[in-house]
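Novice: target_23.cif is reproduced in full below (mmCIF, C-alpha atoms and all ligand atoms).
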```cif
data_my_file
#
loop_
_atom_site.label_atom_id
_atom_site.label_comp_id
_atom_site.auth_asym_id
_atom_site.auth_seq_id
_atom_site.Cartn_x
_atom_site.Cartn_y
_atom_site.Cartn_z
CA MET A 192 0.00 0.00 0.00
CA LYS A 193 1.36 3.38 -1.01
CA ASN A 194 -0.39 6.03 1.05
CA ASN A 195 -0.82 8.73 -1.56
CA CYS A 196 -1.86 6.29 -4.33
CA ILE A 197 -5.56 6.48 -5.23
CA PHE A 198 -5.63 2.92 -6.58
CA CYS A 199 -4.02 1.55 -3.39
CA GLN A 200 -6.75 3.43 -1.48
CA ILE A 201 -9.41 1.77 -3.68
CA ILE A 202 -7.80 -1.65 -3.07
CA GLU A 203 -7.86 -1.01 0.69
CA GLY A 204 -11.51 0.12 0.55
CA GLN A 205 -10.49 3.64 1.60
CA ALA A 206 -11.75 5.32 -1.59
CA PRO A 207 -14.99 4.68 -3.49
CA SER A 208 -15.05 2.61 -6.67
CA GLU A 209 -17.32 0.34 -8.66
CA ILE A 210 -15.53 -3.00 -8.36
CA VAL A 211 -16.55 -5.65 -10.88
CA PHE A 212 -14.07 -8.36 -9.85
CA GLU A 213 -11.37 -8.98 -7.27
CA ASN A 214 -9.31 -11.82 -5.92
CA GLU A 215 -6.18 -12.00 -3.76
CA ARG A 216 -3.99 -10.71 -6.58
CA VAL A 217 -6.01 -8.34 -8.75
CA ILE A 218 -8.86 -5.83 -8.71
CA VAL A 219 -10.99 -4.71 -11.67
CA PHE A 220 -13.10 -1.56 -11.34
CA LYS A 221 -14.88 0.90 -13.60
CA ASP A 222 -12.97 3.96 -14.79
CA HIS A 223 -14.75 6.94 -13.22
CA LEU A 224 -14.43 8.90 -16.48
CA PRO A 225 -15.34 6.20 -19.00
CA ARG A 226 -14.41 6.84 -22.62
CA SER A 227 -16.54 3.94 -23.86
CA PRO A 228 -19.60 1.92 -22.68
CA ILE A 229 -17.15 -0.56 -21.15
CA HIS A 230 -14.09 1.05 -19.60
CA LEU A 231 -12.48 -1.04 -16.87
CA LEU A 232 -9.15 -0.77 -15.10
CA VAL A 233 -7.32 -4.02 -14.32
CA CYS A 234 -4.84 -3.47 -11.45
CA PRO A 235 -2.52 -5.66 -9.45
CA LYS A 236 -3.15 -5.41 -5.70
CA THR A 237 0.59 -4.92 -5.23
CA HIS A 238 1.72 -1.36 -5.98
CA TYR A 239 3.96 -1.06 -9.04
CA SER A 240 4.39 2.43 -10.44
CA ASP A 241 4.26 1.51 -14.11
CA PHE A 242 4.72 -1.23 -16.72
CA LEU A 243 8.52 -1.00 -16.74
CA ASN A 244 8.62 -1.47 -12.95
CA THR A 245 6.33 -4.50 -12.88
CA PRO A 246 7.61 -8.11 -12.90
CA PRO A 247 6.74 -9.78 -16.22
CA GLU A 248 4.87 -12.62 -14.49
CA GLU A 249 2.54 -10.06 -12.88
CA VAL A 250 1.89 -8.46 -16.27
CA THR A 251 1.15 -11.92 -17.67
CA TYR A 252 -1.40 -12.53 -14.92
CA LEU A 253 -3.12 -9.20 -15.65
CA PHE A 254 -3.45 -10.18 -19.32
CA LYS A 255 -4.99 -13.51 -18.25
CA VAL A 256 -7.56 -11.47 -16.33
CA CYS A 257 -8.21 -9.42 -19.48
CA HIS A 258 -8.72 -12.66 -21.41
CA ALA A 259 -11.22 -13.86 -18.80
CA LEU A 260 -13.01 -10.49 -18.99
CA ALA A 261 -13.30 -10.76 -22.78
CA ASP A 262 -14.73 -14.28 -22.43
CA LYS A 263 -17.19 -13.34 -19.69
CA LEU A 264 -18.39 -10.13 -21.37
CA LYS A 265 -18.54 -11.79 -24.81
CA VAL A 266 -16.85 -8.84 -26.50
CA GLU A 267 -14.64 -10.84 -28.87
CA SER A 268 -15.93 -8.74 -31.77
CA GLY A 269 -14.14 -5.70 -30.41
CA PHE A 270 -12.18 -4.55 -27.38
CA ARG A 271 -8.96 -2.67 -26.69
CA LEU A 272 -6.25 -3.08 -24.05
CA MET A 273 -4.06 -0.09 -23.21
CA ILE A 274 -1.21 0.65 -20.83
CA ASN A 275 0.11 4.21 -20.60
CA ASN A 276 3.72 4.15 -19.40
CA GLY A 277 5.05 7.53 -18.32
CA ALA A 278 3.71 11.06 -18.12
CA LEU A 279 4.44 11.79 -21.77
CA ALA A 280 2.19 8.87 -22.73
CA GLY A 281 -0.60 10.34 -20.60
CA GLN A 282 -0.12 8.20 -17.49
CA ILE A 283 -1.78 10.05 -14.62
CA VAL A 284 -2.11 7.29 -12.00
CA PHE A 285 1.25 5.77 -11.15
CA HIS A 286 -0.08 2.37 -10.06
CA LEU A 287 0.09 -0.08 -12.96
CA HIS A 288 -3.25 -0.70 -14.68
CA ILE A 289 -4.52 -2.00 -17.99
CA HIS A 290 -7.44 -0.16 -19.55
CA PHE A 291 -10.00 -2.68 -20.88
CA ILE A 292 -12.22 -0.77 -23.31
CA SER A 293 -15.09 -1.88 -25.54
CA ARG A 294 -17.98 -0.19 -27.29
CA VAL A 295 -19.72 -3.48 -28.13
CA LYS A 296 -22.19 -3.27 -25.25
CA GLU A 297 -23.06 -1.55 -21.99
CA LEU A 298 -21.85 -2.98 -18.70
CA GLY A 299 -24.39 -3.69 -15.98
CA ALA A 300 -23.95 -3.16 -12.26
CA GLU A 301 -23.37 -6.82 -11.48
CA LYS A 302 -20.08 -8.33 -10.30
CA LEU A 303 -18.35 -10.67 -12.74
CA ASP A 304 -17.50 -14.25 -11.86
CA LEU A 305 -14.26 -14.61 -13.81
CA VAL A 306 -12.48 -17.87 -14.55
CA ILE A 307 -8.76 -17.07 -14.85
CA LYS A 308 -6.79 -19.77 -16.67
P1 LIG A 401 -3.75 6.58 -17.05
O1 LIG A 401 -2.91 6.77 -15.81
O2 LIG A 401 -3.69 7.73 -18.01
O3 LIG A 401 -3.51 5.27 -17.73
O4 LIG A 401 -5.27 6.53 -16.64
C1 LIG A 401 -5.75 6.59 -15.33
C2 LIG A 401 -7.23 6.36 -15.42
O5 LIG A 401 -7.70 6.24 -14.10
C3 LIG A 401 -8.01 7.48 -16.09
O6 LIG A 401 -8.75 6.94 -17.17
C4 LIG A 401 -8.91 8.03 -14.97
O7 LIG A 401 -10.19 8.39 -15.42
C5 LIG A 401 -8.97 6.84 -14.02
N1 LIG A 401 -9.17 7.16 -12.62
C6 LIG A 401 -8.47 8.06 -11.87
N2 LIG A 401 -8.91 8.08 -10.60
C7 LIG A 401 -9.91 7.16 -10.53
C8 LIG A 401 -10.78 6.72 -9.49
N3 LIG A 401 -10.70 7.21 -8.26
N4 LIG A 401 -11.70 5.77 -9.78
C9 LIG A 401 -11.80 5.27 -11.04
N5 LIG A 401 -11.01 5.63 -12.06
C10 LIG A 401 -10.07 6.58 -11.82
ZN ZN A 402 -0.84 2.01 -5.59
#
```
Show this structure as structure tokens.
Ligand code: AMP
Ligand code: ZN
Specialist:
Amino acid sequence: MKNNCIFCQIIEGQAPSEIVFENERVIVFKDHLPRSPIHLLVCPKTHYSDFLNTPPEEVTYLFKVCHALADKLKVESGFRLMINNGALAGQIVFHLHIHFISRVKELGAEKLDLVIK
């Protein structure tokens, strides 16, 4: 937990968020300024500042979560994954996250029961 990190605060339940999935390793919540009908942020529960400072096996796990999201949401016809690394790329929250974005459908309020393989 990094005290001044908004995503660590969300993970600790100290800041509001709309969580759609979490387990011991990862949390997935809705972006509060969505740029698409589905705009989720996939974050490790461990604080890593950015992609370049994250162990590759953790990045691999996050992409497995993205795969499970695509399966569960049935958005195989169109979705985007994005990581901004560094301020000049537009990174504003320095806790690693993958944007999972799709305009194929709206997302409901329900939690997702993901199967991560
Ligand atoms: P970036 O660091 O540019 O990859 O993107 C950070 C994303 O986090 C932006 O799309 C913000 O809208 C989103 N964001 C920032 N604070 C919160 C928050 N408290 N809850 C949900 N999403 C957030
Ligand atoms: Zn953090």
Novice: Tell me which of A:Ala280, A:Leu287, A:Leu264, A:Val306 sits closest to Leu232 (chain A), counting all atoms listed in the file.
Specialist: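 Going through A:Ala280, A:Leu287, A:Leu264, A:Val306 one by one, the smallest distance to Leu232 (chain A) is for A:Leu287.
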Novice: Find the residues of chain A that sit at most 9 Å from ligand LIG 401 (chain A); for each, write down the nearest two atoms and how far apart they are in Å, to one decimal. Count all atoms listed in the file. Sort by chain, then by number going up, and give it as JSON lines.
Specialist:
```
{"residue": "A:Ile197", "atom": "CA", "partner": "A:LIG401", "partner_atom": "N3", "distance": 6.0}
{"residue": "A:Phe198", "atom": "CA", "partner": "A:LIG401", "partner_atom": "N3", "distance": 6.9}
{"residue": "A:Gln200", "atom": "CA", "partner": "A:LIG401", "partner_atom": "N3", "distance": 8.7}
{"residue": "A:Ile201", "atom": "CA", "partner": "A:LIG401", "partner_atom": "N3", "distance": 7.2}
{"residue": "A:Ala206", "atom": "CA", "partner": "A:LIG401", "partner_atom": "N3", "distance": 7.0}
{"residue": "A:Pro207", "atom": "CA", "partner": "A:LIG401", "partner_atom": "N3", "distance": 6.9}
{"residue": "A:Ser208", "atom": "CA", "partner": "A:LIG401", "partner_atom": "N4", "distance": 5.6}
{"residue": "A:Glu209", "atom": "CA", "partner": "A:LIG401", "partner_atom": "C9", "distance": 7.8}
{"residue": "A:Phe220", "atom": "CA", "partner": "A:LIG401", "partner_atom": "C9", "distance": 7.0}
{"residue": "A:Lys221", "atom": "CA", "partner": "A:LIG401", "partner_atom": "C9", "distance": 5.9}
{"residue": "A:Asp222", "atom": "CA", "partner": "A:LIG401", "partner_atom": "N5", "distance": 3.8}
{"residue": "A:His223", "atom": "CA", "partner": "A:LIG401", "partner_atom": "C9", "distance": 4.0}
{"residue": "A:Leu224", "atom": "CA", "partner": "A:LIG401", "partner_atom": "O7", "distance": 4.4}
{"residue": "A:Pro225", "atom": "CA", "partner": "A:LIG401", "partner_atom": "O7", "distance": 6.6}
{"residue": "A:Arg226", "atom": "CA", "partner": "A:LIG401", "partner_atom": "O6", "distance": 7.9}
{"residue": "A:His230", "atom": "CA", "partner": "A:LIG401", "partner_atom": "O6", "distance": 8.3}
{"residue": "A:Leu231", "atom": "CA", "partner": "A:LIG401", "partner_atom": "N5", "distance": 8.4}
{"residue": "A:Leu232", "atom": "CA", "partner": "A:LIG401", "partner_atom": "O5", "distance": 7.2}
{"residue": "A:Met273", "atom": "CA", "partner": "A:LIG401", "partner_atom": "O3", "distance": 7.7}
{"residue": "A:Ile274", "atom": "CA", "partner": "A:LIG401", "partner_atom": "O3", "distance": 6.0}
{"residue": "A:Asn275", "atom": "CA", "partner": "A:LIG401", "partner_atom": "O3", "distance": 4.7}
{"residue": "A:Asn276", "atom": "CA", "partner": "A:LIG401", "partner_atom": "O3", "distance": 7.5}
{"residue": "A:Gly277", "atom": "CA", "partner": "A:LIG401", "partner_atom": "O1", "distance": 8.4}
{"residue": "A:Ala278", "atom": "CA", "partner": "A:LIG401", "partner_atom": "O2", "distance": 8.1}
{"residue": "A:Ala280", "atom": "CA", "partner": "A:LIG401", "partner_atom": "O2", "distance": 7.6}
{"residue": "A:Gly281", "atom": "CA", "partner": "A:LIG401", "partner_atom": "O2", "distance": 4.8}
{"residue": "A:Gln282", "atom": "CA", "partner": "A:LIG401", "partner_atom": "O1", "distance": 3.6}
{"residue": "A:Ile283", "atom": "CA", "partner": "A:LIG401", "partner_atom": "O1", "distance": 3.7}
{"residue": "A:Val284", "atom": "CA", "partner": "A:LIG401", "partner_atom": "O1", "distance": 3.9}
{"residue": "A:Phe285", "atom": "CA", "partner": "A:LIG401", "partner_atom": "O1", "distance": 6.3}
{"residue": "A:His286", "atom": "CA", "partner": "A:LIG401", "partner_atom": "O1", "distance": 7.8}
{"residue": "A:Leu287", "atom": "CA", "partner": "A:LIG401", "partner_atom": "O1", "distance": 8.0}
{"residue": "A:His288", "atom": "CA", "partner": "A:LIG401", "partner_atom": "O3", "distance": 6.7}
{"residue": "A:Ile289", "atom": "CA", "partner": "A:LIG401", "partner_atom": "O3", "distance": 7.3}
{"residue": "A:His290", "atom": "CA", "partner": "A:LIG401", "partner_atom": "O3", "distance": 6.9}
```
Novice: Go through A:Ser293, A:Thr237, A:Thr245, A:Ser227 and flag the residue nearest ligand ZN 402 (chain A), using all atoms listed in the file for the distances.
Specialist: A:Thr237
Novice: In Å to one decimal, how far is CA of Asn194 (chain A) from CA of Leu305 (chain A)?
Specialist: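 Computing it gives 29.0 Å between the two atoms.
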Novice: Find the residue from A:Val219, A:Val256, A:Cys196, A:Leu279 that sits nearest to ligand ZN 402 (chain A); use all atoms listed in the file when measuring.
Specialist: A:Cys196
Novice: Between A:Val250, A:Val217, A:Ile229, A:Ile202, single out the one closest to Ile292 (chain A), counting all atoms listed in the file.
Specialist: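 Closest to Ile292 (chain A) of all the choices is A:Ile229.
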Novice: Of the candidates A:Glu203, A:Glu301, A:Glu248, A:Asp262, which one gets nearest to ligand ZN 402 (chain A) if we count only C-alpha atoms and all ligand atoms?
Specialist: A:Glu203
Novice: From the set A:Ala259, A:Ile210, A:Leu243, A:Cys234, which residue has the shortest atom-to-atom contact distance to ligand ZN 402 (chain A), counting all atoms listed in the file?
Specialist: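 Counting all atoms listed in the file, the residue closest to ligand ZN 402 (chain A) is A:Cys234.
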Novice: Do you have the CA of Pro235 (chain A)-CA of Leu260 (chain A) distance handy?
Specialist: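 Taking CA of Pro235 (chain A) as the start and CA of Leu260 (chain A) as the end point, the length is 15.0 Å.
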Novice: List every protein, DNA or RNA residue that has at least one atom no more than 8 Å from (-19.0, -7.2, -11.6) in the file's coordinates, counting all atoms listed in the file, and write the result as a list of chain:residue names.
Specialist: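 The residues near that point, listed by chain and number, are A:Ile210, A:Val211, A:Phe212, A:Gly299, A:Ala300, A:Glu301, A:Lys302, A:Leu303, A:Asp304.
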Novice: Around all the atoms of region 253-269 of chain A listed in the file, with 8 Å of room on each side, what axis-aligned box do you get, giving centre and edge lengths in Å to one decimal, as lines of an AutoDock Vina configuration file?
Specialist:
```
center_x = -10.8
center_y = -10.0
center_z = -23.7
size_x = 31.4
size_y = 24.6
size_z = 32.1
```
